[in-house]
$ cat start.tsv   # TSV, C-alpha atoms
chain	number	residue	atom	x	y	z
B	919	MET	CA	-13.13	-16.94	-12.47
B	920	SER	CA	-11.51	-16.13	-15.83
B	921	ARG	CA	-8.07	-16.95	-14.48
B	922	GLN	CA	-9.36	-20.33	-13.32
B	923	LEU	CA	-10.83	-21.09	-16.74
B	924	THR	CA	-7.71	-20.04	-18.61
B	925	ALA	CA	-5.48	-22.08	-16.33
B	926	ASP	CA	-7.71	-25.16	-16.47
B	927	HIS	CA	-8.15	-25.12	-20.25
B	928	GLY	CA	-4.90	-23.66	-21.55
B	929	LEU	CA	-6.53	-20.46	-22.80
B	930	ARG	CA	-5.05	-16.98	-23.23
B	931	LEU	CA	-6.84	-14.30	-21.20
B	932	TYR	CA	-7.52	-10.92	-22.80
B	933	HIS	CA	-8.90	-8.09	-20.66
B	934	ALA	CA	-10.75	-5.52	-22.73
B	935	GLU	CA	-10.54	-3.16	-19.74
B	936	PRO	CA	-9.43	-0.74	-18.44
B	937	PHE	CA	-10.60	1.25	-21.39
B	938	SER	CA	-8.05	3.97	-20.67
B	939	LYS	CA	-5.49	1.82	-22.51
B	940	TYR	CA	-7.33	2.63	-25.78
B	941	VAL	CA	-7.56	6.42	-25.37
B	942	GLY	CA	-4.30	7.13	-27.17
B	943	ARG	CA	-5.32	4.89	-30.07
B	944	ALA	CA	-8.91	6.12	-30.37
B	945	ASP	CA	-9.49	8.83	-32.94
B	946	PRO	CA	-11.55	11.65	-31.36
B	947	GLY	CA	-13.84	11.68	-34.40
B	948	ALA	CA	-14.53	7.96	-34.10
B	949	ALA	CA	-14.78	8.00	-30.29
B	950	PRO	CA	-16.31	11.34	-29.25
B	951	LEU	CA	-17.94	9.92	-26.11
B	952	LEU	CA	-14.67	8.43	-24.87
B	953	HIS	CA	-12.77	11.66	-25.43
B	954	GLY	CA	-15.63	13.66	-23.87
B	955	PHE	CA	-15.56	11.39	-20.82
B	956	MET	CA	-11.80	11.78	-20.47
B	957	ALA	CA	-12.16	15.58	-20.62
B	958	MET	CA	-14.67	15.64	-17.72
B	959	ASP	CA	-13.71	16.16	-14.11
B	960	MET	CA	-14.85	13.59	-11.56
B	961	ASP	CA	-17.99	15.52	-10.54
B	962	GLU	CA	-19.04	15.88	-14.17
B	963	ARG	CA	-18.59	12.14	-14.65
B	964	TRP	CA	-20.18	10.78	-11.47
B	965	VAL	CA	-22.14	13.45	-9.57
B	966	ASN	CA	-23.73	15.98	-11.93
B	967	ARG	CA	-25.37	13.56	-14.38
B	968	SER	CA	-28.19	11.10	-13.88
B	969	PRO	CA	-27.46	7.37	-14.11
B	970	GLU	CA	-29.52	7.29	-17.32
B	971	VAL	CA	-27.40	10.01	-18.95
B	972	MET	CA	-24.25	8.35	-17.64
B	973	LEU	CA	-25.29	5.13	-19.39
B	974	GLU	CA	-26.36	6.81	-22.65
B	975	THR	CA	-23.05	8.64	-22.91
B	976	PHE	CA	-20.81	5.80	-21.75
B	977	HIS	CA	-18.50	5.18	-24.69
B	978	ALA	CA	-18.25	1.40	-24.30
B	979	VAL	CA	-22.06	0.99	-24.16
B	980	GLN	CA	-22.29	2.74	-27.52
B	981	GLY	CA	-19.61	0.50	-29.03
B	982	GLU	CA	-16.87	3.09	-29.24
B	983	GLY	CA	-13.48	1.47	-29.29
B	984	PHE	CA	-14.75	-2.03	-30.04
B	985	ASP	CA	-12.72	-1.91	-33.24
B	986	LEU	CA	-9.59	-1.40	-31.12
B	987	VAL	CA	-10.45	-4.45	-29.01
B	988	LEU	CA	-10.87	-6.46	-32.22
B	989	ASP	CA	-7.54	-5.16	-33.53
B	990	ASP	CA	-5.86	-6.40	-30.34
B	991	LEU	CA	-7.54	-9.78	-30.52
B	992	LEU	CA	-6.70	-10.27	-34.19
B	993	ALA	CA	-3.06	-9.40	-33.50
B	994	LEU	CA	-2.73	-12.30	-31.04
B	995	PRO	CA	-1.53	-15.68	-32.24
B	996	PRO	CA	-4.38	-18.15	-32.85
B	997	ASP	CA	-3.02	-20.58	-30.28
B	998	PRO	CA	-3.86	-20.92	-27.52
B	999	PRO	CA	-7.54	-19.98	-27.90
B	1000	ILE	CA	-8.51	-16.68	-26.30
B	1001	LEU	CA	-10.92	-16.01	-23.47
B	1002	ALA	CA	-11.87	-12.32	-23.76
B	1003	GLU	CA	-13.60	-10.45	-20.97
B	1004	GLY	CA	-14.73	-6.90	-20.34
B	1005	PHE	CA	-17.76	-4.67	-20.29
B	1006	SER	CA	-17.09	-3.36	-23.80
B	1007	LEU	CA	-17.79	-6.82	-25.23
B	1008	LEU	CA	-21.46	-6.15	-25.87
B	1009	PRO	CA	-23.78	-8.87	-27.14
B	1010	TRP	CA	-24.91	-6.81	-30.14
B	1011	LEU	CA	-21.29	-6.34	-31.20
B	1012	VAL	CA	-20.03	-9.84	-30.42
B	1013	ALA	CA	-22.96	-11.86	-31.82
B	1014	PRO	CA	-22.12	-11.34	-35.52
B	1015	LEU	CA	-18.58	-12.61	-34.87
B	1016	LEU	CA	-19.61	-15.92	-33.30
B	1017	SER	CA	-20.12	-19.21	-35.08
B	1018	GLY	CA	-22.53	-20.32	-32.35
B	1019	PRO	CA	-24.12	-19.25	-29.06
B	1020	ARG	CA	-21.84	-21.49	-26.97
B	1021	GLN	CA	-18.86	-19.28	-27.77
B	1022	ALA	CA	-19.96	-16.54	-25.39
B	1023	VAL	CA	-21.65	-16.00	-22.06
B	1024	TRP	CA	-22.35	-12.82	-20.10
B	1025	LEU	CA	-22.21	-12.86	-16.32
B	1026	LEU	CA	-24.88	-10.54	-14.97
B	1027	PRO	CA	-24.36	-9.46	-11.37
B	1028	THR	CA	-27.17	-8.42	-9.08
B	1029	GLN	CA	-26.79	-4.96	-7.62
B	1030	GLU	CA	-26.09	-6.47	-4.20
B	1031	PHE	CA	-23.38	-8.71	-5.61
B	1032	ARG	CA	-21.76	-5.82	-7.50
B	1033	ARG	CA	-21.58	-3.75	-4.33
B	1034	ALA	CA	-20.24	-6.71	-2.33
B	1035	ALA	CA	-17.60	-7.30	-5.02
B	1036	PHE	CA	-16.51	-3.65	-4.84
B	1037	GLU	CA	-16.34	-3.87	-1.06
B	1038	SER	CA	-14.36	-7.11	-1.07
B	1039	ARG	CA	-11.79	-5.54	-3.42
B	1040	GLY	CA	-11.66	-2.39	-1.34
B	1041	SER	CA	-12.63	-0.33	-4.41
B	1042	THR	CA	-16.12	0.80	-3.36
B	1043	TRP	CA	-14.97	4.35	-2.67
B	1044	THR	CA	-12.07	4.60	-5.15
B	1045	ILE	CA	-14.05	6.65	-7.68
B	1046	PRO	CA	-16.64	8.28	-5.38
B	1047	ASN	CA	-14.00	9.61	-2.96
B	1048	ARG	CA	-12.48	11.59	-5.81
B	1049	THR	CA	-15.71	13.63	-6.11
B	1050	SER	CA	-17.29	16.38	-4.03
B	1051	ASP	CA	-20.23	14.11	-3.10
B	1052	PRO	CA	-19.05	10.51	-2.60
B	1053	GLN	CA	-22.47	9.18	-1.52
B	1054	ARG	CA	-24.23	10.52	-4.61
B	1055	ALA	CA	-21.39	9.41	-6.89
B	1056	LEU	CA	-21.57	5.86	-5.55
B	1057	ALA	CA	-25.36	5.78	-5.86
B	1058	ASN	CA	-25.13	7.07	-9.44
B	1059	LEU	CA	-22.40	4.59	-10.35
B	1060	LEU	CA	-24.31	1.62	-8.92
B	1061	ALA	CA	-27.56	2.72	-10.58
B	1062	ARG	CA	-25.79	3.17	-13.93
B	1063	ASP	CA	-24.25	-0.28	-13.62
B	1064	GLN	CA	-27.66	-1.82	-12.86
B	1065	LEU	CA	-29.13	-0.17	-15.96
B	1066	PHE	CA	-26.18	-1.50	-17.94
B	1067	THR	CA	-26.75	-5.02	-16.62
B	1068	GLU	CA	-30.38	-4.94	-17.73
B	1069	GLN	CA	-29.32	-3.63	-21.12
B	1070	LEU	CA	-26.85	-6.54	-21.46
B	1071	ARG	CA	-29.60	-9.00	-20.50
B	1072	ALA	CA	-31.91	-7.61	-23.20
B	1073	GLN	CA	-29.17	-7.57	-25.86
B	1074	ALA	CA	-28.13	-11.14	-25.11
B	1075	ARG	CA	-31.73	-12.35	-25.18
B	1076	ALA	CA	-32.37	-10.58	-28.51
B	1077	ALA	CA	-29.24	-12.17	-30.01
B	1078	GLY	CA	-30.03	-15.64	-28.60
B	1079	LEU	CA	-26.90	-15.59	-26.44
B	1080	GLN	CA	-26.32	-16.98	-22.97
B	1081	THR	CA	-26.33	-15.16	-19.66
B	1082	ILE	CA	-25.65	-16.32	-16.13
B	1083	ASP	CA	-27.00	-14.41	-13.15
B	1084	VAL	CA	-24.46	-13.96	-10.37
B	1085	ASP	CA	-25.75	-13.12	-6.92
B	1086	GLY	CA	-22.89	-14.34	-4.74
B	1087	SER	CA	-24.77	-17.32	-3.36
B	1088	GLU	CA	-22.47	-19.81	-5.12
B	1089	ARG	CA	-18.87	-20.63	-4.40
B	1090	VAL	CA	-16.45	-19.57	-7.12
B	1091	ALA	CA	-15.97	-23.20	-8.17
B	1092	GLU	CA	-19.73	-23.54	-8.76
B	1093	SER	CA	-19.81	-20.38	-10.87
B	1094	VAL	CA	-16.80	-21.57	-12.86
B	1095	ALA	CA	-18.60	-24.86	-13.49
B	1096	ARG	CA	-21.65	-22.99	-14.81
B	1097	VAL	CA	-19.49	-20.95	-17.19
B	1098	ARG	CA	-17.60	-24.06	-18.25
B	1099	GLU	CA	-20.91	-25.78	-19.03
B	1100	ALA	CA	-22.25	-22.77	-20.94
B	1101	LEU	CA	-19.13	-22.64	-23.10
B	1102	GLY	CA	-18.94	-26.40	-23.56
B	1103	LEU	CA	-15.49	-26.64	-22.01

$ encode --input "start.tsv" --output "structure tokens"
Amino acid sequence: MSRQLTADHGLRLYHAEPFSKYVGRADPGAAPLLHGFMAMDMDERWVNRSPEVMLETFHAVQGEGFDLVLDDLLALPPDPPILAEGFSLLPWLVAPLLSGPRQAVWLLPTQEFRRAAFESRGSTWTIPNRTSDPQRALANLLARDQLFTEQLRAQARAAGLQTIDVDGSERVAESVARVREALGL
């Protein structure tokens, strides 16, 4: 969807993920959760912790590294305009930087859509299969992501920002049109 929008409107696309690209630039004192996550083995990350703890200690959810994303964005030339995407772009962090609510929109997937998206990319088992209990790891990962989605919904609502629910019932072109309308493109 983002590639379609950037191509149609002459925008530059910036992916704020994968977050691993920031590890070398993130000071351990300023990003203790990120460095703690990187030090964990796969079972510690995805099997041995509850989805709630996984969410609470997820570096991006706490805003760690957002300054590095901003540094990257500010280093880009002003033209063409930038379309930034990624789960570390949290409403509570982005809202103070916007001149209006039509500059941002968060796509909020249903749990069913998220799983279908993983399956269509063939990545459903990429992380879980690297653990000792793939079924539990996948369940934990999906549950953490659902909690994260609800947190994004609440943050966006509190900041007066836009969200679009994505459940897979629309064609990509229809979803692109909804985003285009939300952003006033």

$ closest_residue --input "start.tsv" --among "B:Leu952, B:Leu1103, B:Pro1014, B:Leu1008" --to "Leu929 in chain B" --atoms "all atoms listed in the file"
B:Leu1103

$ closest_residue --input "start.tsv" --among "B:Arg1054, B:Arg943, B:Arg1048, B:Arg930" --to "Leu994 in chain B" --atoms "all atoms listed in the file"
B:Arg930

$ atom_distance --input "start.tsv" --atom1 "CA of Glu970 in chain B" --atom2 "CA of Glu1068 in chain B"
12.3 Å

$ closest_residue --input "start.tsv" --among "B:Pro946, B:Pro999, B:Pro936, B:Pro1052" --to "Val987 in chain B" --atoms "only C-alpha atoms"
B:Pro936

$ closest_residue --input "start.tsv" --among "B:Leu923, B:Leu931, B:Pro1009, B:Asp961" --to "Asn1047 in chain B" --atoms "only C-alpha atoms"
B:Asp961

$ residues_around --input "start.tsv" --residues "Ala1055 in chain B" --least-positions-apart "4" --cutoff "8 Å" --atoms "all atoms listed in the file" --output "list in words"
Asp961, Trp964, Val965, Ile1045, Pro1046, Thr1049, Asp1051 and Leu1059 of chain B

$ write_last_selection --input "start.tsv" --atoms "C-alpha atoms" --output "PDB file, keeping the file's coordinate frame"
ATOM      1  CA  ASP B 961     -17.990  15.520 -10.540  1.00  0.00           C
ATOM      2  CA  TRP B 964     -20.180  10.780 -11.470  1.00  0.00           C
ATOM      3  CA  VAL B 965     -22.140  13.450  -9.570  1.00  0.00           C
ATOM      4  CA  ILE B1045     -14.050   6.650  -7.680  1.00  0.00           C
ATOM      5  CA  PRO B1046     -16.640   8.280  -5.380  1.00  0.00           C
ATOM      6  CA  THR B1049     -15.710  13.630  -6.110  1.00  0.00           C
ATOM      7  CA  ASP B1051     -20.230  14.110  -3.100  1.00  0.00           C
ATOM      8  CA  LEU B1059     -22.400   4.590 -10.350  1.00  0.00           C
TER       9      LEU B1059
END

$ residues_around --input "start.tsv" --residues "Gly954 in chain B" --least-positions-apart "6" --cutoff "10 Å" --atoms "only C-alpha atoms" --output "list in words"
Pro946, Arg963, Thr975, Phe976 and His977 of chain B

$ residues_near_point --input "start.tsv" --point "(-15.6, -7.0, -25.4)" --cutoff "9 Å" --atoms "all atoms listed in the file" --output "ChimeraX atom specification"
/B:933-935,978,984,987-988,1002-1009,1011-1012

$ closest_residue --input "start.tsv" --among "B:Ala1022, B:Asp926, B:Pro950, B:Ala993" --to "Gly981 in chain B" --atoms "only C-alpha atoms"
B:Pro950

$ atom_distance --input "start.tsv" --atom1 "CA of Ala1076 in chain B" --atom2 "CA of Arg1020 in chain B"
15.2 Å

$ closest_residue --input "start.tsv" --among "B:Thr1081, B:Gln1029, B:Ser1050, B:Gln1064" --to "Val1097 in chain B" --atoms "all atoms listed in the file"
B:Thr1081

$ residues_around --input "start.tsv" --residues "Ala1077 in chain B" --least-positions-apart "4" --cutoff "9 Å" --atoms "all atoms listed in the file" --output "list in words"
Pro1009, Trp1010, Ala1013, Pro1019, Ala1072 and Gln1073 of chain B

$ write_last_selection --input "start.tsv" --atoms "C-alpha atoms" --output "compact mmCIF listing (two decimals), in the coordinates of the input"
# COMPACT_ATOMS: atom_id res chain seq x y z
CA PRO B 1009 -23.78 -8.87 -27.14
CA TRP B 1010 -24.91 -6.81 -30.14
CA ALA B 1013 -22.96 -11.86 -31.82
CA PRO B 1019 -24.12 -19.25 -29.06
CA ALA B 1072 -31.91 -7.61 -23.20
CA GLN B 1073 -29.17 -7.57 -25.86

$ atom_distance --input "start.tsv" --atom1 "CA of His927 in chain B" --atom2 "CA of Ala1034 in chain B"
28.4 Å

$ residues_around --input "start.tsv" --residues "Leu1060 in chain B" --least-positions-apart "3" --cutoff "9 Å" --atoms "all atoms listed in the file" --output "list of chain:residue names"
B:Pro969, B:Gln1029, B:Arg1032, B:Arg1033, B:Ala1055, B:Leu1056, B:Ala1057, B:Asp1063, B:Gln1064, B:Leu1065
